[in-house]
Structures are given as structure tokens and as C-alpha cells.
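> Just final.cif, nothing more (mmCIF, C-alpha atoms):
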data_start
#
loop_
_atom_site.group_PDB
_atom_site.id
_atom_site.type_symbol
_atom_site.label_atom_id
_atom_site.label_comp_id
_atom_site.auth_asym_id
_atom_site.auth_seq_id
_atom_site.Cartn_x
_atom_site.Cartn_y
_atom_site.Cartn_z
ATOM 1 C CA MET A 1 -54.615 41.613 20.349
ATOM 2 C CA ALA A 2 -57.625 42.901 22.296
ATOM 3 C CA GLY A 3 -56.510 46.420 21.443
ATOM 4 C CA GLN A 4 -56.394 45.453 17.791
ATOM 5 C CA ASP A 5 -59.917 44.003 17.992
ATOM 6 C CA ASP A 6 -61.129 47.200 19.602
ATOM 7 C CA PHE A 7 -59.472 49.245 16.876
ATOM 8 C CA THR A 8 -61.041 47.089 14.152
ATOM 9 C CA TYR A 9 -64.426 47.526 15.806
ATOM 10 C CA ARG A 10 -63.995 51.308 15.919
ATOM 11 C CA VAL A 11 -63.053 51.362 12.243
ATOM 12 C CA ARG A 12 -66.239 49.403 11.516
ATOM 13 C CA GLU A 13 -68.276 51.973 13.453
ATOM 14 C CA CYS A 14 -66.648 54.812 11.534
ATOM 15 C CA THR A 15 -67.255 53.212 8.155
ATOM 16 C CA ASP A 16 -70.895 52.569 9.048
ATOM 17 C CA ARG A 17 -71.243 56.222 9.951
ATOM 18 C CA LEU A 18 -69.509 57.219 6.738
ATOM 19 C CA ALA A 19 -72.020 55.155 4.767
ATOM 20 C CA ALA A 20 -74.909 56.763 6.658
ATOM 21 C CA VAL A 21 -73.770 60.394 6.892
ATOM 22 C CA GLY A 22 -71.320 60.736 3.999
ATOM 23 C CA VAL A 23 -68.267 62.994 3.770
ATOM 24 C CA ASP A 24 -69.038 64.696 7.085
ATOM 25 C CA ALA A 25 -67.995 61.511 8.894
ATOM 26 C CA LEU A 26 -64.693 61.244 7.039
ATOM 27 C CA GLY A 27 -62.797 63.367 9.577
ATOM 28 C CA GLU A 28 -63.475 60.815 12.274
ATOM 29 C CA LEU A 29 -62.174 57.961 10.140
ATOM 30 C CA PHE A 30 -59.140 60.042 9.222
ATOM 31 C CA ASP A 31 -58.327 60.756 12.878
ATOM 32 C CA LEU A 32 -58.604 57.094 13.707
ATOM 33 C CA THR A 33 -56.638 55.583 10.835
ATOM 34 C CA SER A 34 -54.396 58.164 9.152
ATOM 35 C CA HIS A 35 -51.368 57.615 11.373
ATOM 36 C CA ARG A 36 -51.366 53.866 10.777
ATOM 37 C CA LEU A 37 -52.104 54.203 7.081
ATOM 38 C CA VAL A 38 -49.351 56.757 6.516
ATOM 39 C CA ARG A 39 -46.697 54.738 8.346
ATOM 40 C CA PHE A 40 -47.734 51.616 6.421
ATOM 41 C CA ALA A 41 -47.499 53.442 3.107
ATOM 42 C CA ALA A 42 -44.278 55.255 4.074
ATOM 43 C CA ALA A 43 -42.611 51.936 4.850
ATOM 44 C CA LEU A 44 -43.411 50.750 1.331
ATOM 45 C CA ILE A 45 -42.869 53.756 -0.873
ATOM 46 C CA HIS A 46 -39.886 55.456 0.813
ATOM 47 C CA ARG A 47 -41.288 58.958 0.298
ATOM 48 C CA GLN A 48 -43.732 60.305 2.805
ATOM 49 C CA HIS A 49 -45.243 62.733 0.308
ATOM 50 C CA ASP A 50 -46.165 59.858 -2.020
ATOM 51 C CA ALA A 51 -47.358 57.806 0.942
ATOM 52 C CA GLU A 52 -49.707 60.602 1.990
ATOM 53 C CA ASP A 53 -50.942 60.968 -1.582
ATOM 54 C CA ALA A 54 -51.804 57.271 -1.593
ATOM 55 C CA VAL A 55 -53.654 57.589 1.711
ATOM 56 C CA GLN A 56 -55.473 60.673 0.461
ATOM 57 C CA THR A 57 -56.545 58.976 -2.774
ATOM 58 C CA ALA A 58 -57.840 55.955 -0.881
ATOM 59 C CA LEU A 59 -59.780 58.005 1.669
ATOM 60 C CA VAL A 60 -61.276 60.359 -0.915
ATOM 61 C CA ARG A 61 -62.385 57.395 -3.005
ATOM 62 C CA LEU A 62 -63.871 55.890 0.103
ATOM 63 C CA ALA A 63 -65.791 59.069 0.881
ATOM 64 C CA SER A 64 -67.445 58.964 -2.525
ATOM 65 C CA GLU A 65 -68.071 55.202 -2.413
ATOM 66 C CA PRO A 66 -68.538 54.372 1.287
ATOM 67 C CA GLU A 67 -70.425 51.203 0.410
ATOM 68 C CA LEU A 68 -67.044 49.669 -0.540
ATOM 69 C CA LEU A 69 -66.050 49.501 3.125
ATOM 70 C CA ALA A 70 -69.541 48.963 4.489
ATOM 71 C CA ARG A 71 -69.756 45.744 2.451
ATOM 72 C CA ALA A 72 -66.314 44.473 3.509
ATOM 73 C CA ASP A 73 -66.030 41.762 6.164
ATOM 74 C CA CYS A 74 -63.133 43.578 7.792
ATOM 75 C CA PRO A 75 -63.105 47.271 6.845
ATOM 76 C CA TRP A 76 -59.669 47.867 8.358
ATOM 77 C CA ALA A 77 -58.077 45.132 6.248
ATOM 78 C CA TYR A 78 -59.911 46.461 3.193
ATOM 79 C CA LEU A 79 -58.665 49.991 3.874
ATOM 80 C CA LEU A 80 -55.085 48.772 4.215
ATOM 81 C CA ARG A 81 -55.440 46.925 0.931
ATOM 82 C CA MET A 82 -56.796 50.053 -0.779
ATOM 83 C CA VAL A 83 -53.817 52.085 0.415
ATOM 84 C CA ARG A 84 -51.427 49.331 -0.622
ATOM 85 C CA ASN A 85 -52.944 49.233 -4.105
ATOM 86 C CA GLU A 86 -52.546 53.014 -4.391
ATOM 87 C CA VAL A 87 -48.931 52.741 -3.261
ATOM 88 C CA LEU A 88 -48.216 50.010 -5.790
ATOM 89 C CA ALA A 89 -49.861 52.068 -8.536
ATOM 90 C CA THR A 90 -47.654 55.026 -7.618
ATOM 91 C CA VAL A 91 -44.572 52.806 -7.552
ATOM 92 C CA ARG A 92 -45.418 51.452 -10.992
ATOM 93 C CA ARG A 93 -45.976 54.968 -12.324
ATOM 94 C CA GLN A 94 -42.894 56.549 -10.876
ATOM 95 C CA ASP A 95 -40.531 53.662 -10.177
ATOM 96 C CA ARG A 96 -39.427 55.472 -7.064
ATOM 97 C CA CYS A 97 -39.335 52.562 -4.707
ATOM 98 C CA ARG A 98 -35.602 52.497 -4.323
ATOM 99 C CA ALA A 99 -33.975 52.091 -0.964
ATOM 100 C CA THR A 100 -32.046 55.256 -0.302
ATOM 101 C CA GLY A 101 -31.476 54.932 3.425
ATOM 102 C CA SER A 102 -32.333 58.619 3.792
ATOM 103 C CA LEU A 103 -35.104 59.577 6.186
ATOM 104 C CA ALA A 104 -35.182 63.242 5.194
ATOM 105 C CA ASP A 105 -38.660 62.921 3.726
ATOM 106 C CA LEU A 106 -40.259 61.658 6.944
ATOM 107 C CA VAL A 107 -42.446 63.850 9.102
ATOM 108 C CA THR A 108 -41.623 62.910 12.677
ATOM 109 C CA ARG A 109 -42.506 64.142 16.101
ATOM 110 C CA CYS A 110 -40.080 63.531 18.901
ATOM 111 C CA ARG A 111 -39.783 65.182 22.272
ATOM 112 C CA VAL A 112 -36.462 66.750 23.283
ATOM 113 C CA ASP A 113 -35.962 64.290 26.153
ATOM 114 C CA GLU A 114 -36.358 61.359 23.779
ATOM 115 C CA ALA A 115 -33.236 61.983 21.718
ATOM 116 C CA GLU A 116 -31.770 58.566 22.457
ATOM 117 C CA ARG A 117 -35.015 56.844 21.628
ATOM 118 C CA GLU A 118 -35.231 58.800 18.422
ATOM 119 C CA GLU A 119 -31.830 57.443 17.445
ATOM 120 C CA SER A 120 -33.032 53.855 17.705
ATOM 121 C CA GLN A 121 -36.298 54.703 15.930
ATOM 122 C CA ARG A 122 -34.360 56.248 13.057
ATOM 123 C CA ALA A 123 -32.224 53.126 12.904
ATOM 124 C CA VAL A 124 -35.337 50.966 12.679
ATOM 125 C CA TRP A 125 -36.825 53.048 9.892
ATOM 126 C CA SER A 126 -33.521 53.087 8.000
ATOM 127 C CA ALA A 127 -33.289 49.319 8.282
ATOM 128 C CA LEU A 128 -36.915 48.910 7.277
ATOM 129 C CA ARG A 129 -36.331 50.925 4.161
ATOM 130 C CA THR A 130 -33.540 48.665 3.020
ATOM 131 C CA LEU A 131 -35.998 45.780 2.839
ATOM 132 C CA PRO A 132 -37.858 44.919 -0.357
ATOM 133 C CA PRO A 133 -41.412 46.340 -0.117
ATOM 134 C CA GLU A 134 -43.024 42.885 0.014
ATOM 135 C CA GLN A 135 -40.980 42.091 3.123
ATOM 136 C CA ALA A 136 -41.369 45.522 4.706
ATOM 137 C CA GLU A 137 -45.162 45.366 4.429
ATOM 138 C CA VAL A 138 -45.265 42.008 6.210
ATOM 139 C CA VAL A 139 -43.123 43.404 9.042
ATOM 140 C CA VAL A 140 -45.382 46.450 9.389
ATOM 141 C CA LEU A 141 -48.564 44.407 9.405
ATOM 142 C CA LYS A 142 -47.157 41.780 11.768
ATOM 143 C CA ILE A 143 -45.465 43.989 14.339
ATOM 144 C CA TRP A 144 -47.246 47.327 14.136
ATOM 145 C CA GLU A 145 -50.706 46.121 13.187
ATOM 146 C CA GLU A 146 -50.438 42.927 15.277
ATOM 147 C CA MET A 147 -51.981 40.768 12.584
ATOM 148 C CA THR A 148 -51.674 37.028 12.139
ATOM 149 C CA PHE A 149 -50.094 35.595 9.000
ATOM 150 C CA ALA A 150 -53.533 34.471 7.872
ATOM 151 C CA GLN A 151 -54.812 38.059 8.068
ATOM 152 C CA ILE A 152 -51.674 39.384 6.399
ATOM 153 C CA GLY A 153 -52.066 36.832 3.650
ATOM 154 C CA GLU A 154 -55.593 38.074 2.991
ATOM 155 C CA ILE A 155 -54.506 41.693 2.720
ATOM 156 C CA LEU A 156 -51.530 40.940 0.505
ATOM 157 C CA GLU A 157 -53.512 38.384 -1.505
ATOM 158 C CA THR A 158 -50.977 35.678 -0.833
ATOM 159 C CA SER A 159 -50.817 32.534 1.283
ATOM 160 C CA PRO A 160 -50.076 32.698 5.024
ATOM 161 C CA HIS A 161 -47.003 30.555 4.358
ATOM 162 C CA THR A 162 -45.621 33.081 1.908
ATOM 163 C CA ALA A 163 -46.294 35.890 4.378
ATOM 164 C CA ALA A 164 -44.538 33.931 7.149
ATOM 165 C CA SER A 165 -41.589 33.176 4.927
ATOM 166 C CA ARG A 166 -41.230 36.831 3.909
ATOM 167 C CA TYR A 167 -41.385 37.809 7.559
ATOM 168 C CA GLN A 168 -38.607 35.360 8.422
ATOM 169 C CA TYR A 169 -36.356 36.722 5.684
ATOM 170 C CA ALA A 170 -37.106 40.274 6.774
ATOM 171 C CA MET A 171 -36.377 39.561 10.429
ATOM 172 C CA THR A 172 -33.080 37.938 9.540
ATOM 173 C CA LYS A 173 -32.042 41.055 7.627
ATOM 174 C CA LEU A 174 -33.293 43.395 10.335
ATOM 175 C CA THR A 175 -31.466 41.425 13.005
ATOM 176 C CA ARG A 176 -28.233 41.663 11.025
ATOM 177 C CA ARG A 177 -28.637 45.415 10.724
ATOM 178 C CA LEU A 178 -30.099 46.320 14.088
ATOM 179 C CA LEU A 179 -28.596 43.929 16.609
ATOM 180 C CA PRO A 180 -25.071 45.376 16.675
ATOM 181 C CA GLN A 181 -26.570 48.802 17.138
ATOM 182 C CA GLN A 182 -28.827 47.622 19.924
ATOM 183 C CA ARG A 183 -25.901 45.960 21.710
ATOM 184 C CA GLU A 184 -23.970 49.179 21.456
ATOM 185 C CA VAL A 185 -26.838 51.106 23.012
ATOM 186 C CA GLN A 186 -27.168 48.533 25.802
ATOM 187 C CA ARG A 187 -23.384 48.706 26.469
ATOM 188 C CA ASP A 188 -23.542 52.502 26.801
ATOM 189 C CA MET B 1 -53.147 25.488 6.956
ATOM 190 C CA THR B 2 -51.824 26.701 10.298
ATOM 191 C CA ASP B 3 -48.544 24.813 10.457
ATOM 192 C CA PHE B 4 -46.559 28.032 10.580
ATOM 193 C CA PRO B 5 -45.814 29.799 13.851
ATOM 194 C CA ASP B 6 -47.179 33.287 14.439
ATOM 195 C CA ASP B 7 -44.268 33.889 16.835
ATOM 196 C CA PHE B 8 -40.711 33.326 15.735
ATOM 197 C CA ASP B 9 -38.143 32.363 18.310
ATOM 198 C CA GLY B 10 -35.092 34.506 18.652
ATOM 199 C CA CYS B 11 -36.655 37.627 17.119
ATOM 200 C CA SER B 12 -38.337 39.038 20.175
ATOM 201 C CA ASP B 13 -35.590 41.650 20.808
ATOM 202 C CA ILE B 14 -35.718 42.898 17.263
ATOM 203 C CA GLU B 15 -39.501 42.759 17.228
ATOM 204 C CA ALA B 16 -39.559 44.889 20.367
ATOM 205 C CA LEU B 17 -37.124 47.337 18.793
ATOM 206 C CA VAL B 18 -39.202 47.588 15.636
ATOM 207 C CA ARG B 19 -42.364 47.937 17.718
ATOM 208 C CA SER B 20 -40.838 50.885 19.574
ATOM 209 C CA ALA B 21 -40.522 52.796 16.276
ATOM 210 C CA ARG B 22 -44.144 52.515 15.272
ATOM 211 C CA ASP B 23 -45.093 56.032 16.337
ATOM 212 C CA TYR B 24 -42.024 57.691 14.861
ATOM 213 C CA VAL B 25 -43.641 58.774 11.594
ATOM 214 C CA ARG B 26 -46.655 61.077 11.665
ATOM 215 C CA PRO B 27 -48.945 62.375 8.947
ATOM 216 C CA SER B 28 -48.099 65.942 8.004
ATOM 217 C CA ASP B 29 -50.339 68.666 9.417
ATOM 218 C CA ASP B 30 -51.884 69.597 6.094
ATOM 219 C CA LEU B 31 -52.995 66.066 5.209
ATOM 220 C CA ARG B 32 -56.287 66.198 7.120
ATOM 221 C CA PRO B 33 -57.583 69.431 5.546
ATOM 222 C CA ARG B 34 -56.331 68.243 2.156
ATOM 223 C CA VAL B 35 -58.236 64.958 2.395
ATOM 224 C CA LEU B 36 -61.445 66.565 3.644
ATOM 225 C CA GLU B 37 -61.306 69.326 1.040
ATOM 226 C CA ASN B 38 -60.741 66.845 -1.789
ATOM 227 C CA ALA B 39 -63.531 64.615 -0.509
ATOM 228 C CA ARG B 40 -65.940 67.570 -0.479
ATOM 229 C CA VAL B 41 -64.903 68.644 -3.977
ATOM 230 C CA MET B 42 -65.372 65.070 -5.153
ATOM 231 C CA ARG B 43 -68.807 64.940 -3.519
ATOM 232 C CA GLY B 44 -69.788 68.183 -5.284
ATOM 233 C CA GLU B 45 -68.600 66.819 -8.618
ATOM 234 C CA ARG B 46 -70.499 63.585 -8.076
ATOM 235 C CA ARG B 47 -73.660 65.456 -7.196
ATOM 236 C CA ALA B 48 -73.296 67.620 -10.305
ATOM 237 C CA GLN B 49 -72.720 64.538 -12.457
ATOM 238 C CA ARG B 50 -75.772 62.850 -10.947
ATOM 239 C CA TRP B 51 -77.872 65.980 -11.499
ATOM 240 C CA ILE B 52 -76.739 66.237 -15.106
ATOM 241 C CA GLY B 53 -77.502 62.527 -15.549
ATOM 242 C CA HIS B 54 -81.027 62.961 -14.180
ATOM 243 C CA LEU B 55 -81.536 66.007 -16.382
ATOM 244 C CA ALA B 56 -80.405 64.059 -19.453
ATOM 245 C CA VAL B 57 -82.770 61.182 -18.630
ATOM 246 C CA CYS B 58 -85.668 63.628 -18.153
ATOM 247 C CA ALA B 59 -84.878 65.382 -21.446
ATOM 248 C CA LEU B 60 -84.685 62.034 -23.232
ATOM 249 C CA ALA B 61 -87.998 60.890 -21.745
ATOM 250 C CA LEU B 62 -89.629 64.195 -22.676
ATOM 251 C CA GLY B 63 -88.259 63.968 -26.210
ATOM 252 C CA MET B 64 -89.525 60.413 -26.624
ATOM 253 C CA PHE B 65 -92.935 61.381 -25.254
ATOM 254 C CA ALA B 66 -93.155 64.331 -27.640
ATOM 255 C CA ALA B 67 -92.126 62.178 -30.602
ATOM 256 C CA ILE B 68 -94.688 59.470 -29.795
ATOM 257 C CA THR B 69 -97.472 62.015 -29.217
ATOM 258 C CA GLY B 70 -96.614 63.801 -32.482
ATOM 259 C CA GLN B 71 -96.734 60.562 -34.480
ATOM 260 C CA GLN B 72 -100.092 59.594 -32.971
ATOM 261 C CA SER B 73 -101.701 62.944 -33.694
ATOM 262 C CA LYS B 74 -100.372 62.839 -37.271
ATOM 263 C CA ALA B 75 -101.852 59.360 -37.763
ATOM 264 C CA VAL B 76 -105.227 60.534 -36.445
ATOM 265 C CA ALA B 77 -105.116 63.582 -38.676
ATOM 266 C CA THR B 78 -104.421 61.490 -41.790
ATOM 267 C CA ARG B 79 -107.101 58.960 -40.900
ATOM 268 C CA GLU B 80 -109.897 61.476 -40.173
ATOM 269 C CA PRO B 81 -110.527 62.897 -43.738
ATOM 270 C CA ALA B 82 -110.864 59.421 -45.244
ATOM 271 C CA THR B 83 -113.494 58.435 -42.728
ATOM 272 C CA ALA B 84 -115.348 61.692 -43.149
ATOM 273 C CA LEU B 85 -115.303 61.362 -46.909
ATOM 274 C CA ARG B 86 -116.670 57.828 -46.748
ATOM 275 C CA ALA B 87 -119.456 58.925 -44.404
ATOM 276 C CA SER B 88 -120.410 61.853 -46.577
ATOM 277 C CA ARG B 89 -120.517 59.585 -49.633
ATOM 278 C CA LEU B 90 -122.779 57.269 -47.753
ATOM 279 C CA PHE B 91 -125.208 59.685 -46.291
ATOM 280 C CA TRP B 92 -125.080 62.755 -48.545
ATOM 281 C CA ASN B 93 -126.476 61.493 -51.739
ATOM 282 C CA PRO B 94 -126.419 64.102 -54.523
ATOM 283 C CA GLN B 95 -129.136 62.218 -56.443
ATOM 284 C CA PRO B 96 -131.966 61.454 -54.103
ATOM 285 C CA ALA B 97 -134.209 58.693 -55.400
ATOM 286 C CA LEU B 98 -137.408 60.640 -55.218
ATOM 287 C CA SER B 99 -138.387 60.367 -58.809
ATOM 288 C CA ALA B 100 -141.357 58.127 -58.023
ATOM 289 C CA SER B 101 -144.559 59.863 -57.248
ATOM 290 C CA ASP B 102 -145.371 57.561 -54.359
ATOM 291 C CA ALA B 103 -143.518 58.613 -51.242
ATOM 292 C CA SER B 104 -143.302 55.075 -49.837
ATOM 293 C CA TRP B 105 -141.722 53.765 -53.067
ATOM 294 C CA GLY B 106 -139.326 56.686 -52.890
ATOM 295 C CA MET B 107 -138.279 55.513 -49.446
ATOM 296 C CA VAL B 108 -137.633 51.992 -50.799
ATOM 297 C CA ASP B 109 -135.635 53.377 -53.726
ATOM 298 C CA SER B 110 -133.438 55.539 -51.547
ATOM 299 C CA PHE B 111 -132.830 52.634 -49.134
ATOM 300 C CA THR B 112 -131.878 50.343 -52.041
ATOM 301 C CA GLU B 113 -129.586 53.032 -53.381
ATOM 302 C CA LEU B 114 -127.953 53.405 -49.948
ATOM 303 C CA ARG B 115 -127.344 49.629 -49.752
ATOM 304 C CA ARG B 116 -125.851 49.642 -53.209
ATOM 305 C CA ARG B 117 -123.452 52.449 -52.311
ATOM 306 C CA GLN B 118 -122.514 50.646 -49.131
ATOM 307 C CA ALA B 119 -121.784 47.497 -51.123
ATOM 308 C CA GLU B 120 -119.663 49.516 -53.562
ATOM 309 C CA LEU B 121 -117.649 51.010 -50.789
ATOM 310 C CA LEU B 122 -117.109 47.791 -48.895
ATOM 311 C CA ARG B 123 -116.233 45.644 -51.891
ATOM 312 C CA PRO B 124 -112.632 46.913 -52.302
ATOM 313 C CA ALA B 125 -112.017 46.166 -48.663
ATOM 314 C CA LEU B 126 -112.867 42.510 -49.248
#
Written as C-alpha cells, that's how I'd like the structure from this file.


Amino acid sequence: MAGQDDFTYRVRECTDRLAAVGVDALGELFDLTSHRLVRFAAALIHRQHDAEDAVQTALVRLASEPELLARADCPWAYLLRMVRNEVLATVRRQDRCRATGSLADLVTRCRVDEAEREESQRAVWSALRTLPPEQAEVVVLKIWEEMTFAQIGEILETSPHTAASRYQYAMTKLTRRLLPQQREVQRD
Amino acid sequence: MTDFPDDFDGCSDIEALVRSARDYVRPSDDLRPRVLENARVMRGERRAQRWIGHLAVCALALGMFAAITGQQSKAVATREPATALRASRLFWNPQPALSASDASWGMVDSFTELRRRQAELLRPAL
């Protein structure tokens, strides 16, 4: 959680700099947040290309209107919400948010000696993509972004109870899909 | 409000598994230059739009100033001949009242005539 606080603080610093300097400070914000933003969007939209487009649109908009983030209480949460809105707009436009189970679109980086680990990571992503987007986003924010349900509720503009309930449903589904596989790996 | 747990029992294995996959997906290599390039293009467009906006405001202000100045000068030009005519009628009398032989009575006559002309001119205004 301390790491998350530190990250949030660094995002705040970057957005302040962006408001003061302009586009020249965008690279720093990109380096800090792009990985997290892309994986969040990719978990929702099921096509990395569209996910990156959503991230790009949000960041470019931010560069031209940096006061949007500078005014926000929590710039990181605001940035996530911007990307989510872009993703939802793309989904509405293209109706592409269909679980395919394929991970061919993903850009991944895995070392040769991590082949076994890659297998389990692929399994996680495959399972994640079978979830409805509203459940997948809660899982991403809860586990990868280490947010509380109250924070998640704010980003998703829903109550913490709804976020918690979605998370429970999602974890039940993920357990059903991933546990047999994990046991198999442990047995080997 | 906080009667929901932030940690669910029995999910820790799966949560750990999911957590281990968080660095699996990476942004593609061309995303950074694409974002920065688009942001710069957008900045250029915004600056151009702002410049054009300022130019339009300046042109509008200049146009309004010119229109107001033109109207004022026209009003002054139309008012000036009337005033001049009235003054010339008052002071340039074609029939000086110098018929009397006595110069002092001539003065009185011309003053009376001037007052009469003044009264004639001012009457319509009343």
C-alpha cells in the first residue's frame, strides 16, 4: 500500500509538472503510467491496439488540458477513469468487447528462462478475458492497482458494495478456471 | 459504509496468481513516440486556433472602432454647416442699419436689429 501511495504521489508530481511545463513533461508521465494504463485497458477491451489507442487519446487530451488532472483530488484515479471512459467509448463504437480467449493481440515481454511462469501468466490473462468487463476492471484495480473498494467505487462511479460484489463474482469465476491449472503446476 | 471486507478469505492463492501476471502485458514500442508526436501536433493546432481567435478578436475590435469613429466624424460634418450658417446669419448682416446720420443711433439700430434676428432664430427652437 505504501508503494501505491508513493506511486500516486509521483503521478501528482508529474501532473503538476505537466501543468507548469506543458507537453514537454508528458514523456515523464507516460513512462510512469503507460504500463499500468495499457494493462488496465487491455483487460477491458480485449485488443491491445484499441487499448493503446484509448491510452493515447487520454494522454494527448491531458497534454492539451493539463488543468484537468491538476484540479483532481487524486490524479491517478482521474487518469484511470479517463482511460476507462475512452475504452467504453471505443467499445460502444465498435462493439468489439467479446471474449475470444485469444491472446494473440497482446504485446508481451518474457525472458527465455521464464517459460513456465509465462504459461501461468497466459492462463491468468485468458481467464481474465472471459470475465465481463465490469468484473475484470474491479479485479485489475483491486489486485494490480492495490486499491480499496471505496477507491474502486469512485473510479467506476459505483458504490463500494457493488465493486466488492463484482470482485467476489469475478474471483469465484477465476478460481474455477485457474485453480485446477495451478494444482497441476504444483503437482509437476 | 465500510461493512464489506477489503480482503476475501479463500482467494489469496488466486489473488497471488493474478498478481503474478501483472507485468505480462507491455505497451508496444511505438506507443511512446506516437503519444508524444500527437500531443505536439495537438499543441500546435491549439496554438494556431488561439492565434486565429486573437486575430479575429483584434479585427473585430478594429472594425468596431473604425465604424464608431466614422459615424462620429459624419455627425460632426453634418452638424458643422448648420452652426456656421446660423453664425453667419447672426453676424454678417447684409443690410447694416446705418441709415441714420448719427453714428450713435446707428449703433443702437444695428444692436436692435441683431437682437431681433437672434429672437427670430431662437423662436423655432422654443

> Please identify every residue of chain B that has at least one atom no farther than 6 Å from an atom of chain A, counting all atoms listed in the file, and for each give the shortest atom pair and the distance in Å to one decimal, arranged by chain then increasing number, as CSV.


residue,atom,partner,partner_atom,distance
B:Val18,CA,A:Val124,CA,5.9
B:Ala21,CA,A:Gln121,CA,4.6
B:Tyr24,CA,A:Thr108,CA,5.7
B:Val25,CA,A:Thr108,CA,4.7
B:Arg26,CA,A:Thr108,CA,5.5
B:Pro27,CA,A:His35,CA,5.9
B:Val35,CA,A:Gln56,CA,5.5
B:Ala39,CA,A:Val60,CA,4.8

> If you apply the PyMOL selection byres ((chain A and resi 83-95) around 8) to this file, what residues do you get, as a ChimeraX atom specification?

/A:37,41,44-45,50-51,54-55,57-58,79-82,96-98

> Report, in Å with one decimal, the straight-line distance from CA of Ser73 in chain B to CA of Gln118 in chain B.

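A separation of 28.7 Å between them.
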
> What is the distance between CA of Gln4 in chain A and CA of Ile155 in chain A, in Å to one decimal?

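Separating CA of Gln4 in chain A from CA of Ile155 in chain A is a distance of 15.6 Å.
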
> What is the distance between CA of Leu69 in chain A and CA of Thr15 in chain A, in Å to one decimal?

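Taking CA of Leu69 in chain A and CA of Thr15 in chain A, their separation equals 6.4 Å.
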
> As AutoDock Vina command-line options, what would the box around range 36-42 of chain B look like: edges along x, y and z, 4 Å added on every side, centre and edge lengths in Å to one decimal?


--center_x -63.3 --center_y 67.0 --center_z -0.8 --size_x 13.2 --size_y 12.7 --size_z 16.8

> Please determine, counting only C-alpha atoms, which residue among A:Ala170, A:Leu141, A:Cys74, A:Ala163 has the shortest atom-to-atom distance to Asp5 in chain A.

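Once distances to Asp5 in chain A are computed over only C-alpha atoms, the minimum belongs to A:Cys74.
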